[in-house]
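A short worksheet on the structure shown next.
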Amino acid sequence: MKQGKEVENPESRFSAVLLAAAKLPGVRINREAYLRSALARHCSEDDIRRAVEESPAAAGIDVEILDKVANDSIRLETAKVSALSAAAGIPGVLALPATVPADLAQYFGHMLRIAQKLAYLYSWPDLFSDDGDDVDDATMGVLTLFFGVMFGTQSANTAVGKVAAMMSEQAAKKLPQKALTKGLIYPIVKKVAGFLGVKMTKDSFAKSVSKAIPVVGAVVSGGLTLATYLPMAKRLKKHLAGLPLAEPSPRLMDGEVVDGEVVEDKVPFATPRAEKHGAEATGGKLEEPQP
């Protein structure tokens, strides 16, 4: 009986689908490979190297470049998730248990892909640092919050901002494990997961109805995917771009003295981050998770 209750629990249901999607082949993005490929046409090799070793913000990469690359990635992933069928969307999807519908896992898989790409562009650390199938609790927590931002929950916006502030203050290269699994952020993660579990069930039902009519149903389903995925990806982009963690580090001019040492490399100051991101990042409140 207890097991039945766990399956019906919205929080557990969402976490199960998220975990299943994260284990699908092709979902995890190699941070180094992605940053090198995405920034190759826009940045010098030195800047790319520093972006990989530290972060794009530490490399002082201009926000306009990051925004352009982010938009390109969003367009690519949106095209993929809208065009591919549920079964063929991601290799291995047919091997999922019956409790995780293939179309839902495929959709979540593409949400995870764009969430990782945007996170890496805006200076978050590697979310999947090992090659195993396991996903640690901190990563599950921050991914849940990212999904909450994509769905427009204000509590997720606030929590992501707090996590980013912790990392920015401590110049951390890893997620704050304690905050996401035991500390002040953890209750918000659970609340957001519960909200998303409820919403996921409603949306899945709506999509199932749209597929009841062959051919026409497929067109409607693809349209629904395009209409939901694109704005959600853009919402996450705006929020991550407006956080202090994404602020480019000041670049030093030739001859400037720092801690008693003369800087020899002659590079220009980075363009300050546009104020518009701060205003946009806090917007998009759609619905609050219920306790």
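Labels used: A, B, ... for chains in the order of the structure tokens, numbers from 1 for residues in each chain, and numbers from 1 for ligands as shown.
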
Practice problem: Find the residues near Ala57 (chain A): any atom within 9 Å, counting only C-alpha atoms, skip ones fewer than 3 places away on the same chain, and give them as number ranges by chain. | Solution: A: 51, 54, 60-63, 121-123, 245-249

I need the chosen residues saved as a compact mmCIF listing (two decimals), in the first residue's frame, with all heavy atoms.
# COMPACT_ATOMS: atom_id res chain seq x y z
N ALA A 51 37.06 29.79 -20.15
CA ALA A 51 35.63 29.51 -19.96
C ALA A 51 35.42 28.05 -19.55
O ALA A 51 34.58 27.74 -18.70
CB ALA A 51 34.85 29.82 -21.23
N GLU A 54 37.31 27.58 -15.97
CA GLU A 54 36.62 28.28 -14.89
C GLU A 54 35.15 28.48 -15.24
O GLU A 54 34.31 27.69 -14.86
CB GLU A 54 37.31 29.63 -14.62
CG GLU A 54 38.77 29.46 -14.18
CD GLU A 54 39.45 30.78 -13.93
OE1 GLU A 54 38.91 31.60 -13.16
OE2 GLU A 54 40.53 31.02 -14.52
N GLY A 60 35.31 36.58 -18.95
CA GLY A 60 34.91 37.92 -19.36
C GLY A 60 34.20 37.96 -20.71
O GLY A 60 34.23 38.99 -21.40
N ILE A 61 33.58 36.87 -21.11
CA ILE A 61 32.91 36.81 -22.40
C ILE A 61 31.68 37.72 -22.40
O ILE A 61 30.86 37.67 -21.48
CB ILE A 61 32.52 35.37 -22.76
CG1 ILE A 61 33.80 34.52 -22.88
CG2 ILE A 61 31.72 35.31 -24.05
CD1 ILE A 61 33.54 33.06 -23.12
N ASP A 62 31.57 38.54 -23.42
CA ASP A 62 30.51 39.54 -23.51
C ASP A 62 29.13 38.89 -23.47
O ASP A 62 28.90 37.85 -24.09
CB ASP A 62 30.67 40.35 -24.79
CG ASP A 62 29.80 41.60 -24.79
OD1 ASP A 62 28.58 41.46 -25.01
OD2 ASP A 62 30.34 42.69 -24.58
N VAL A 63 28.19 39.51 -22.77
CA VAL A 63 26.85 38.97 -22.61
C VAL A 63 26.14 38.84 -23.95
O VAL A 63 25.34 37.93 -24.16
CB VAL A 63 26.03 39.85 -21.65
CG1 VAL A 63 25.86 41.25 -22.21
CG2 VAL A 63 24.65 39.23 -21.40
N LEU A 121 26.50 28.02 -20.30
CA LEU A 121 26.80 29.32 -20.89
C LEU A 121 26.80 30.42 -19.84
O LEU A 121 27.62 31.35 -19.90
CB LEU A 121 25.76 29.66 -21.97
CG LEU A 121 25.90 28.94 -23.31
CD1 LEU A 121 24.71 29.27 -24.21
CD2 LEU A 121 27.21 29.32 -24.01
N TYR A 122 25.89 30.32 -18.87
CA TYR A 122 25.78 31.36 -17.86
C TYR A 122 26.47 30.97 -16.55
O TYR A 122 26.06 31.35 -15.47
CB TYR A 122 24.31 31.71 -17.64
CG TYR A 122 23.71 32.35 -18.89
CD1 TYR A 122 22.72 31.70 -19.62
CD2 TYR A 122 24.16 33.58 -19.36
CE1 TYR A 122 22.19 32.27 -20.78
CE2 TYR A 122 23.64 34.16 -20.51
CZ TYR A 122 22.66 33.50 -21.21
OH TYR A 122 22.15 34.07 -22.35
N SER A 123 27.55 30.18 -16.71
CA SER A 123 28.57 29.97 -15.67
C SER A 123 28.19 29.07 -14.51
O SER A 123 28.75 29.19 -13.41
CB SER A 123 29.06 31.32 -15.14
OG SER A 123 29.72 32.02 -16.18
N LEU A 245 25.86 35.39 -10.93
CA LEU A 245 26.81 34.35 -11.33
C LEU A 245 27.22 34.49 -12.78
O LEU A 245 28.32 34.10 -13.17
CB LEU A 245 26.17 32.97 -11.10
CG LEU A 245 27.05 31.74 -11.31
CD1 LEU A 245 28.18 31.71 -10.29
CD2 LEU A 245 26.21 30.46 -11.21
N ALA A 246 26.34 35.06 -13.60
CA ALA A 246 26.62 35.20 -15.03
C ALA A 246 27.35 36.48 -15.39
O ALA A 246 27.73 36.67 -16.55
CB ALA A 246 25.30 35.14 -15.82
N GLU A 247 27.56 37.36 -14.42
CA GLU A 247 28.22 38.63 -14.69
C GLU A 247 29.66 38.41 -15.15
O GLU A 247 30.45 37.74 -14.47
CB GLU A 247 28.25 39.50 -13.42
CG GLU A 247 26.90 40.03 -13.01
CD GLU A 247 26.47 41.22 -13.83
OE1 GLU A 247 27.29 41.68 -14.65
OE2 GLU A 247 25.34 41.68 -13.68
N PRO A 248 30.05 38.96 -16.31
CA PRO A 248 31.44 38.83 -16.77
C PRO A 248 32.39 39.49 -15.78
O PRO A 248 32.11 40.56 -15.27
CB PRO A 248 31.45 39.57 -18.11
CG PRO A 248 30.03 39.59 -18.55
CD PRO A 248 29.22 39.68 -17.29
N SER A 249 33.50 38.84 -15.51
CA SER A 249 34.51 39.41 -14.62
C SER A 249 35.19 40.59 -15.32
O SER A 249 35.38 40.57 -16.53
CB SER A 249 35.56 38.36 -14.26
OG SER A 249 34.96 37.27 -13.61

Practice problem: Can you pull out every residue within 9 Å of region 185-194 of chain A, counting only C-alpha atoms, but drop anything in the same chain fewer than 3 positions away, and send it as a ChimeraX atom specification? | Solution: /A:9-15,141-142,144-145,147-148,153,155-156,159-160,162-163,178-182,197-199,288-291

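Between CA of Ile114 (chain A) and CA of Gly183 (chain A) lies a distance of 27.1 Å.
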
Practice problem: Extract, using only C-alpha atoms, all DNA, RNA and protein residues at most 12 Å from Ser44 (chain A), discarding same-chain residues fewer than 4 positions from it, and format them as a PyMOL selection string. | Solution: chain A and resi 36+39-40+48-51+59-61+267

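For the pair CA of Leu175 (chain A) and CA of Val17 (chain A), the interatomic distance is 21.9 Å.
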
Exercise. Determine, counting only C-alpha atoms, which protein, DNA and RNA residues have an atom within 12 Å of an atom of Leu76 (chain A); residues of the same chain fewer than 5 positions away are not included. Present the result as a count of residues only.
Key: 14

Practice problem: Check the smallest atom-to-atom distance from each of A:Tyr107, A:Tyr34, A:Trp124, A:Phe151 to Met232 (chain A) using only C-alpha atoms, then report the winner. | Solution: A:Phe151

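Our summary of the geometry notes that CA of Pro244 (chain A) is positioned 8.5 Å from CA of Gly161 (chain A).
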
Quiz prompt | Nearest candidate to Lys234 (chain A) (options A:Ala164, A:Ala115, A:Leu143, A:Met200; using only C-alpha atoms) | solution =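 The answer is A:Ala115, which sits nearest to Lys234 (chain A).
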